[in-house]
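Q: You'll find start_22.csv just under this line, and it carries CSV, C-alpha atoms and all ligand atoms.
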```
chain,number,residue,atom,x,y,z
A,742,MET,CA,0.0,0.0,0.0
A,743,SER,CA,1.4,3.4,-0.9
A,744,THR,CA,-1.1,5.7,0.8
A,745,ALA,CA,-0.4,6.9,4.3
A,746,HIS,CA,-2.3,5.3,7.1
A,747,LEU,CA,-4.3,7.0,9.8
A,748,THR,CA,-5.3,5.1,12.9
A,749,ILE,CA,-8.1,6.6,15.1
A,750,ASP,CA,-8.4,5.2,18.6
A,751,LEU,CA,-12.1,5.4,19.4
A,752,ASN,CA,-11.5,4.1,23.0
A,753,ALA,CA,-9.1,7.0,23.6
A,754,ILE,CA,-11.8,9.4,22.5
A,755,THR,CA,-14.3,7.9,25.0
A,756,ALA,CA,-11.7,7.9,27.7
A,757,ASN,CA,-11.0,11.6,27.1
A,758,TRP,CA,-14.8,12.3,27.1
A,759,ARG,CA,-15.1,10.5,30.5
A,760,ALA,CA,-12.1,12.3,31.9
A,761,LEU,CA,-13.6,15.7,31.0
A,762,GLY,CA,-16.9,14.6,32.6
A,763,LYS,CA,-15.1,13.6,35.7
A,764,ILE,CA,-13.4,17.0,35.9
A,765,SER,CA,-16.7,18.8,35.5
A,766,GLN,CA,-19.2,16.5,37.3
A,767,VAL,CA,-21.9,17.8,35.0
A,768,GLU,CA,-23.4,16.3,31.8
A,769,THR,CA,-20.8,16.1,29.1
A,770,ALA,CA,-21.9,16.6,25.5
A,771,ALA,CA,-19.6,16.0,22.5
A,772,VAL,CA,-18.9,18.5,19.7
A,773,VAL,CA,-18.6,16.5,16.4
A,774,LYS,CA,-18.7,19.4,13.9
A,775,ALA,CA,-16.5,19.2,10.8
A,776,ASP,CA,-16.9,15.4,10.8
A,777,ALA,CA,-15.7,15.1,14.3
A,778,TYR,CA,-12.6,17.3,13.6
A,779,GLY,CA,-11.8,15.1,10.6
A,780,LEU,CA,-12.1,11.7,12.4
A,781,ASP,CA,-15.6,10.7,11.2
A,782,ALA,CA,-18.6,12.0,13.1
A,783,GLY,CA,-20.8,8.9,12.6
A,784,ARG,CA,-18.3,6.5,14.0
A,785,VAL,CA,-17.2,8.9,16.8
A,786,ALA,CA,-20.7,9.7,17.9
A,787,ASN,CA,-21.9,6.1,17.8
A,788,HIS,CA,-19.0,5.0,20.0
A,789,LEU,CA,-19.7,7.8,22.4
A,790,ALA,CA,-23.4,7.2,22.5
A,791,ALA,CA,-22.7,3.5,23.3
A,792,GLN,CA,-20.8,4.8,26.3
A,793,GLY,CA,-23.6,7.0,27.4
A,794,ALA,CA,-23.2,10.4,25.6
A,795,ARG,CA,-26.7,11.9,25.0
A,796,GLN,CA,-26.0,15.3,23.5
A,797,PHE,CA,-24.0,16.1,20.3
A,798,PHE,CA,-23.3,19.5,18.7
A,799,VAL,CA,-22.6,20.2,15.0
A,800,ALA,CA,-21.9,23.4,13.2
A,801,VAL,CA,-24.6,23.3,10.4
A,802,VAL,CA,-27.9,21.6,9.6
A,803,GLU,CA,-26.4,19.5,6.9
A,804,GLU,CA,-24.0,17.9,9.4
A,805,GLY,CA,-26.9,17.3,11.7
A,806,VAL,CA,-28.9,15.5,9.1
A,807,ALA,CA,-25.9,13.2,8.3
A,808,LEU,CA,-25.3,12.6,12.0
A,809,ARG,CA,-29.0,11.7,12.7
A,810,ARG,CA,-28.8,9.2,9.9
A,811,ALA,CA,-25.7,7.7,11.5
A,812,LEU,CA,-26.9,7.8,15.1
A,813,GLY,CA,-30.6,7.0,14.8
A,814,ASN,CA,-33.2,8.4,17.1
A,815,GLY,CA,-32.5,9.2,20.8
A,816,PRO,CA,-29.5,11.5,21.3
A,817,VAL,CA,-30.0,15.3,21.1
A,818,ILE,CA,-28.2,16.9,18.1
A,819,SER,CA,-27.8,20.6,18.4
A,820,VAL,CA,-26.8,23.0,15.6
A,821,PHE,CA,-24.6,26.0,16.4
A,822,ALA,CA,-25.6,27.9,13.2
A,823,GLY,CA,-29.2,27.9,14.4
A,824,HIS,CA,-32.2,28.0,12.2
A,825,MET,CA,-31.2,29.4,8.7
A,826,ALA,CA,-33.6,30.2,5.9
A,827,GLY,CA,-34.7,27.0,4.1
A,828,ASP,CA,-33.7,24.7,7.0
A,829,ALA,CA,-37.1,24.1,8.6
A,830,GLN,CA,-37.8,20.8,6.8
A,831,ALA,CA,-34.4,19.3,7.5
A,832,ILE,CA,-34.6,20.4,11.2
A,833,ALA,CA,-38.0,18.8,11.6
A,834,SER,CA,-37.3,15.6,9.8
A,835,ALA,CA,-33.9,14.9,11.4
A,836,ASN,CA,-35.2,16.2,14.7
A,837,LEU,CA,-32.4,18.7,15.2
A,838,THR,CA,-32.2,21.3,17.9
A,839,PRO,CA,-31.1,24.6,16.4
A,840,ILE,CA,-29.3,27.0,18.7
A,841,ILE,CA,-31.0,30.3,18.0
A,842,ASN,CA,-28.6,33.2,17.5
A,843,SER,CA,-30.8,36.2,16.8
A,844,LEU,CA,-34.3,37.7,16.8
A,845,ASP,CA,-34.6,36.8,13.1
A,846,GLN,CA,-33.8,33.2,13.7
A,847,MET,CA,-36.2,33.1,16.7
A,848,LEU,CA,-39.1,34.4,14.6
A,849,ARG,CA,-38.2,32.1,11.7
A,850,HIS,CA,-38.2,29.1,14.1
A,851,VAL,CA,-41.4,29.7,16.0
A,852,GLU,CA,-43.2,30.5,12.7
A,853,ALA,CA,-42.0,27.5,10.8
A,854,LEU,CA,-41.8,24.9,13.6
A,855,PRO,CA,-43.9,26.0,16.6
A,856,GLY,CA,-43.2,23.7,19.6
A,857,HIS,CA,-40.0,22.2,18.0
A,858,PRO,CA,-37.1,22.2,20.5
A,859,PHE,CA,-34.5,24.9,20.3
A,860,GLY,CA,-31.6,26.4,22.3
A,861,ILE,CA,-30.4,29.9,22.6
A,862,GLN,CA,-26.9,31.3,22.2
A,863,LEU,CA,-26.0,34.5,24.0
A,864,ASP,CA,-23.0,36.7,23.0
A,865,THR,CA,-21.0,37.4,26.1
A,866,GLY,CA,-18.3,39.3,24.3
A,867,MET,CA,-16.8,37.1,21.6
A,868,ASN,CA,-18.9,39.0,19.0
A,869,ARG,CA,-19.2,35.9,16.7
A,870,LEU,CA,-22.6,34.3,17.2
A,871,GLY,CA,-25.5,34.8,19.6
A,872,MET,CA,-27.7,37.5,21.0
A,873,GLU,CA,-26.1,40.6,22.6
A,874,PRO,CA,-27.4,41.7,26.0
A,875,ALA,CA,-29.7,44.3,24.6
A,876,GLU,CA,-31.3,42.0,22.0
A,877,TRP,CA,-31.7,39.4,24.7
A,878,SER,CA,-33.4,41.8,27.1
A,879,ALA,CA,-35.9,42.7,24.4
A,880,LEU,CA,-36.6,39.1,23.4
A,881,ARG,CA,-36.1,37.2,26.7
A,882,ASP,CA,-39.7,36.9,27.8
A,883,ILE,CA,-41.0,35.8,24.4
A,884,ALA,CA,-38.1,33.3,24.0
A,885,LEU,CA,-38.6,31.8,27.5
A,886,ALA,CA,-42.3,31.4,26.8
A,887,GLN,CA,-41.3,29.1,24.0
A,888,LYS,CA,-39.4,26.9,26.5
A,889,PRO,CA,-35.8,26.7,25.2
A,890,THR,CA,-34.0,23.5,26.1
A,891,LEU,CA,-30.6,25.1,26.6
A,892,ILE,CA,-29.0,28.5,26.9
A,893,MET,CA,-25.3,28.7,26.0
A,894,SER,CA,-22.5,31.1,25.2
A,895,HIS,CA,-18.9,30.6,24.1
A,896,LEU,CA,-15.6,31.7,25.5
A,897,ALA,CA,-13.1,33.6,23.3
A,898,CYS,CA,-9.9,33.1,25.4
A,899,SER,CA,-10.4,29.9,27.4
A,900,ASP,CA,-7.1,28.4,26.2
A,901,GLU,CA,-5.4,31.2,28.3
A,902,PRO,CA,-6.5,30.5,31.9
A,903,ASP,CA,-5.3,33.8,33.2
A,904,HIS,CA,-7.0,35.9,30.6
A,905,PRO,CA,-9.4,38.4,32.2
A,906,MET,CA,-11.9,37.8,29.3
A,907,ASN,CA,-12.8,34.5,30.8
A,908,GLU,CA,-14.2,35.9,34.0
A,909,ALA,CA,-15.8,38.9,32.2
A,910,GLN,CA,-17.7,36.5,29.9
A,911,ARG,CA,-18.7,34.3,32.8
A,912,LEU,CA,-20.1,37.2,34.7
A,913,SER,CA,-21.9,38.5,31.7
A,914,PHE,CA,-23.4,35.0,31.1
A,915,GLU,CA,-24.5,34.8,34.8
A,916,ASP,CA,-26.0,38.2,34.5
A,917,MET,CA,-28.0,37.4,31.4
A,918,THR,CA,-29.2,34.0,32.7
A,919,GLU,CA,-29.7,34.7,36.4
A,920,GLY,CA,-32.7,32.9,37.9
A,921,LEU,CA,-33.8,31.2,34.7
A,922,ASP,CA,-35.0,27.6,34.9
A,923,VAL,CA,-33.2,26.5,31.7
A,924,PRO,CA,-30.1,24.3,31.5
A,925,ARG,CA,-27.0,26.4,30.8
A,926,SER,CA,-23.7,25.7,29.0
A,927,LEU,CA,-20.7,28.0,28.7
A,928,SER,CA,-17.6,25.8,28.3
A,929,ALA,CA,-15.9,23.9,25.5
A,930,THR,CA,-12.6,22.1,26.3
A,931,GLY,CA,-10.7,25.2,27.5
A,932,GLY,CA,-13.5,26.4,29.8
A,933,THR,CA,-13.9,23.0,31.3
A,934,LEU,CA,-10.4,23.3,32.6
A,935,LEU,CA,-11.0,26.7,34.2
A,936,GLY,CA,-12.9,25.2,37.1
A,937,PRO,CA,-16.4,24.6,38.5
A,938,ASP,CA,-17.5,28.2,38.0
A,939,TYR,CA,-17.4,27.6,34.3
A,940,HIS,CA,-19.3,24.3,34.2
A,941,PHE,CA,-22.9,25.2,34.7
A,942,ASP,CA,-25.2,22.3,33.6
A,943,LEU,CA,-23.5,21.0,30.5
A,944,ILE,CA,-19.9,21.1,29.0
A,945,ARG,CA,-19.3,20.9,25.3
A,946,PRO,CA,-15.8,19.7,24.6
A,947,GLY,CA,-14.5,19.1,21.1
A,948,ILE,CA,-10.7,19.2,20.7
A,949,GLY,CA,-10.1,17.6,24.1
A,950,LEU,CA,-12.0,14.5,23.0
A,951,TYR,CA,-9.6,14.2,20.0
A,952,GLY,CA,-6.5,14.4,22.1
A,953,GLY,CA,-5.7,18.1,21.5
A,954,LEU,CA,-4.6,21.1,23.6
A,955,PRO,CA,-5.5,22.7,25.9
A,956,PHE,CA,-6.5,19.3,27.5
A,957,THR,CA,-2.9,18.4,28.4
A,958,ASP,CA,-4.0,15.1,30.0
A,959,ALA,CA,-5.8,13.8,26.9
A,960,LEU,CA,-4.9,10.4,25.6
A,961,PRO,CA,-3.5,10.5,22.1
A,962,VAL,CA,-6.2,9.5,19.5
A,963,VAL,CA,-4.5,9.8,16.1
A,964,THR,CA,-1.5,7.9,14.6
A,965,LEU,CA,-0.2,8.8,11.1
A,966,ASP,CA,2.2,6.4,9.4
A,967,ILE,CA,3.6,7.4,6.0
A,968,PRO,CA,5.2,4.7,3.8
A,969,VAL,CA,8.6,5.1,2.3
A,970,ILE,CA,8.4,4.9,-1.5
A,971,GLN,CA,12.1,5.1,-2.4
A,972,THR,CA,15.5,5.8,-0.8
A,973,ARG,CA,18.7,7.2,-2.3
A,974,ASP,CA,22.2,8.2,-1.4
A,975,VAL,CA,23.3,11.7,-2.1
A,976,MET,CA,26.7,13.2,-2.0
A,977,THR,CA,27.8,16.2,0.0
A,978,GLY,CA,26.6,19.3,-2.0
A,979,GLU,CA,23.7,17.6,-3.7
A,980,THR,CA,20.3,19.1,-3.3
A,981,VAL,CA,16.9,17.6,-2.6
A,982,GLY,CA,13.4,18.7,-3.8
A,983,TYR,CA,11.8,21.8,-5.2
A,984,SER,CA,13.9,25.0,-5.2
A,985,ASN,CA,16.9,23.0,-4.1
A,986,ALA,CA,15.8,23.9,-0.7
A,987,TRP,CA,18.0,21.4,1.1
A,988,THR,CA,21.7,20.7,0.5
A,989,ALA,CA,23.5,17.7,1.9
A,990,GLN,CA,26.3,18.7,4.3
A,991,ARG,CA,27.6,15.1,4.4
A,992,PRO,CA,27.0,11.9,2.4
A,993,SER,CA,23.3,11.3,3.2
A,994,ARG,CA,20.6,8.8,2.8
A,995,VAL,CA,17.2,10.3,1.8
A,996,ALA,CA,13.8,8.6,2.0
A,997,THR,CA,10.9,9.9,-0.1
A,998,ILE,CA,7.6,9.3,1.7
A,999,SER,CA,4.0,9.1,0.4
A,1000,ALA,CA,2.1,12.2,1.7
A,1001,GLY,CA,2.2,15.9,1.2
A,1002,TYR,CA,0.3,19.1,1.4
A,1003,ALA,CA,-2.6,17.6,-0.5
A,1004,ASP,CA,-3.0,15.3,2.5
A,1005,GLY,CA,-3.2,18.3,4.9
A,1006,LEU,CA,0.5,18.3,5.8
A,1007,ILE,CA,0.7,21.9,5.3
A,1008,ARG,CA,3.7,23.2,3.4
A,1009,ALA,CA,4.5,25.8,6.1
A,1010,MET,CA,5.8,22.8,8.2
A,1011,GLY,CA,8.8,23.0,6.0
A,1012,ALA,CA,12.2,22.0,7.4
A,1013,LYS,CA,11.2,22.2,11.0
A,1014,ALA,CA,9.2,19.0,11.1
A,1015,ILE,CA,10.5,15.7,12.6
A,1016,LEU,CA,9.2,12.2,12.0
A,1017,HIS,CA,10.0,8.9,13.8
A,1018,ALA,CA,11.3,5.5,12.8
A,1019,GLY,CA,10.3,3.5,15.9
A,1020,ASP,CA,11.8,5.6,18.7
A,1021,ILE,CA,14.4,7.4,16.5
A,1022,ALA,CA,13.7,11.0,15.4
A,1023,VAL,CA,14.6,11.9,11.8
A,1024,PRO,CA,14.2,15.4,10.2
A,1025,LEU,CA,12.0,16.3,7.3
A,1026,ILE,CA,14.2,18.0,4.7
A,1027,GLY,CA,13.5,20.3,1.7
A,1028,ARG,CA,10.0,21.4,0.6
A,1029,VAL,CA,6.8,19.6,1.4
A,1030,SER,CA,5.4,18.7,-2.1
A,1031,MET,CA,1.8,17.9,-3.0
A,1032,ASP,CA,2.1,14.2,-2.6
A,1033,LEU,CA,5.6,13.6,-1.3
A,1034,MET,CA,8.0,14.6,1.4
A,1035,THR,CA,11.7,13.8,1.9
A,1036,VAL,CA,13.4,12.8,5.1
A,1037,ASP,CA,17.1,12.5,6.1
A,1038,ILE,CA,17.4,8.9,7.3
A,1039,THR,CA,21.2,8.8,7.3
A,1040,ASP,CA,21.4,8.0,11.0
A,1041,LEU,CA,19.0,5.1,10.9
A,1042,PRO,CA,20.5,1.6,11.1
A,1043,GLU,CA,18.2,0.3,8.4
A,1044,THR,CA,15.6,1.6,6.0
A,1045,PRO,CA,12.1,1.7,7.6
A,1046,GLU,CA,8.9,0.7,5.7
A,1047,SER,CA,7.2,3.8,7.0
A,1048,LEU,CA,7.8,6.9,9.1
A,1049,GLN,CA,5.5,8.2,11.8
A,1050,LEU,CA,4.5,11.9,11.8
A,1051,ILE,CA,1.7,11.8,14.5
A,1052,GLY,CA,1.7,9.2,17.3
A,1053,LYS,CA,3.1,8.4,20.7
A,1054,HIS,CA,6.3,10.4,20.1
A,1055,GLN,CA,4.6,13.5,18.6
A,1056,SER,CA,1.2,14.9,19.2
A,1057,VAL,CA,-1.1,16.6,16.7
A,1058,ASP,CA,-0.2,19.9,18.5
A,1059,ALA,CA,3.5,19.3,18.0
A,1060,VAL,CA,2.9,18.9,14.3
A,1061,ALA,CA,0.8,22.0,14.3
A,1062,GLY,CA,3.7,23.8,16.0
A,1063,PHE,CA,6.1,23.0,13.1
A,1064,ALA,CA,3.7,24.9,10.8
A,1065,GLY,CA,2.8,27.7,13.2
A,1066,THR,CA,-0.8,26.6,13.5
A,1067,ILE,CA,-3.0,24.8,16.0
A,1068,GLY,CA,-4.0,21.2,16.4
A,1069,TYR,CA,-7.6,21.9,15.3
A,1070,GLU,CA,-6.3,22.9,11.9
A,1071,ILE,CA,-4.1,19.9,11.4
A,1072,LEU,CA,-6.9,17.5,12.4
A,1073,THR,CA,-9.6,19.1,10.3
A,1074,ASN,CA,-7.3,19.0,7.3
A,1075,LEU,CA,-6.4,15.3,7.5
A,1076,GLY,CA,-6.5,14.2,3.9
A,1077,ALA,CA,-9.1,12.2,2.1
A,1078,ARG,CA,-6.4,10.0,0.6
A,1079,TYR,CA,-5.3,8.3,3.8
A,1080,SER,CA,-6.4,4.7,4.4
A,1081,ARG,CA,-8.1,4.8,7.8
A,1082,ASP,CA,-8.9,2.4,10.5
A,1083,TRP,CA,-10.8,3.0,13.7
A,1084,ARG,CA,-9.6,1.0,16.7
A,1085,THR,CA,-12.2,0.0,19.2
B,1101,LIG,C1,-16.2,24.3,18.4
B,1101,LIG,C2,-17.0,24.7,19.5
B,1101,LIG,C3,-17.0,24.0,20.7
B,1101,LIG,C4,-15.9,23.0,21.0
B,1101,LIG,O1,-14.7,23.6,21.2
B,1101,LIG,P1,-13.3,22.9,21.6
B,1101,LIG,O2,-12.4,24.0,21.8
B,1101,LIG,O3,-12.9,22.1,20.4
B,1101,LIG,O4,-13.5,22.1,22.8
B,1101,LIG,C5,-17.9,24.3,21.7
B,1101,LIG,N1,-18.8,25.3,21.5
B,1101,LIG,C6,-18.9,26.0,20.4
B,1101,LIG,C7,-19.9,27.1,20.2
B,1101,LIG,C8,-18.0,25.8,19.3
B,1101,LIG,O5,-18.0,26.5,18.2
```
How does this structure look as structure tokens?
Ligand SMILES: *Cc1c(COP(=O)(O)O)cnc(C)c1O

A:
Amino acid sequence: MSTAHLTIDLNAITANWRALGKISQVETAAVVKADAYGLDAGRVANHLAAQGARQFFVAVVEEGVALRRALGNGPVISVFAGHMAGDAQAIASANLTPIINSLDQMLRHVEALPGHPFGIQLDTGMNRLGMEPAEWSALRDIALAQKPTLIMSHLACSDEPDHPMNEAQRLSFEDMTEGLDVPRSLSATGGTLLGPDYHFDLIRPGIGLYGGLPFTDALPVVTLDIPVIQTRDVMTGETVGYSNAWTAQRPSRVATISAGYADGLIRAMGAKAILHAGDIAVPLIGRVSMDLMTVDITDLPETPESLQLIGKHQSVDAVAGFAGTIGYEILTNLGARYSRDWRT
């Protein structure tokens, strides 16, 4: 096989889900938007549901419809984008719970689907989605009369525990929801780690389930092994790859491996990245090509069949670090070309 191989440990995902639930002591939902951060929403959600997860969040209605098909009836599937024009039939037939973000969405929802469950998103300062305090004050009594199933907001800086924005948003959320008899949710992975004041009735982790920061205690979920297609010896002074970006400083052995930026291994990783042959680290050299990368394996005792980019020696976040990005972006870009298997 010449395609790179991705292994996704579903038991590690459920262990991470349980660990976050243990930290918070409140109901733990699972965010499975963007196809569960690239790891397959249907498989991930089914595995979590079998372990007791009862609430899932997706970004848009189309994701919710696909997830309902995969999950069957029972679990709540909420949609962050809310109720958009043209979505009523899909929301009704897949029994989705839109998280209403504005007065317009509220009117659209109660007009098209009176009595159908919905949640509410409040904007506590992130200025991305949700009703601002003034809009909420005006709408609050009408909205509450329709019996929302959840009121939520989202933290902008929860990956920085000492950021004053965290407490400011929490206070704003408390202010806007004081005394209401509706379940409340403020925290994703980062907020869950900020402590009990941030947990309310439901936490909504995404990245922490998939082994990413800021959940430093997460079990690793993803392994990426890339086969070696060819090896060659180069002399001192010879160059490797596009733009002659790497020059051998000694007689070297170079392995060409079968993955590149078309597989989500972004080119900006460049010469900083490291791979592993068993326990031995070897450097990526030259440019990342579309389908190929080159690695200096001079120091290996023998030619490996494959090299590992993500796994026990190197997290998704470490790989993100080589490219100056975050683990979320590496995961959600994992390529369609990989052969995949899901360990249970
Ligand atoms: C993506 C998202 C989450 C999950 O965030 P993580 O940082 O991945 O845990 C939770 N809530 C909202 C509104 C989101 O957009």

Q: Using all atoms listed in the file, pick whichever of A:Val969, A:Ala1022, A:Leu1072, A:Val1036 has the shortest atom-to-atom distance to A:Ala745.

A: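 Ranking A:Val969, A:Ala1022, A:Leu1072, A:Val1036 by distance to A:Ala745, first place goes to A:Val969.
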
Q: List as a ChimeraX atom specification the protein and nucleic acid residues lying within 9 Å of ligand LIG 1101 (chain B), with all atoms listed in the file counted.

A: /A:771-774,778,798-800,821,862,870,893-896,899-900,926-933,944-951,953-956,1069

Q: Between A:Asp882, A:Glu919, A:Glu768, A:Asp903, which one has atoms that come closest to A:Leu934, using all atoms listed in the file?

A: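 Answer, going by the shortest atom-to-atom distance: A:Asp903.
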
Q: In Å to one decimal, how far is atom CA of A:Gly813 from atom CA of A:Ala884?

A: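 So the answer is 28.9 Å.
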
Q: What gap, in Å, lies between atom CA of A:Trp758 and atom CA of A:Ile818?

A: 16.8 Å

Q: Between A:Ile883, A:Val981, A:Ala1014, A:Ala811, single out the one closest to A:Leu844, counting all atoms listed in the file.

A: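 Distance minimum relative to A:Leu844 lands on A:Ile883.
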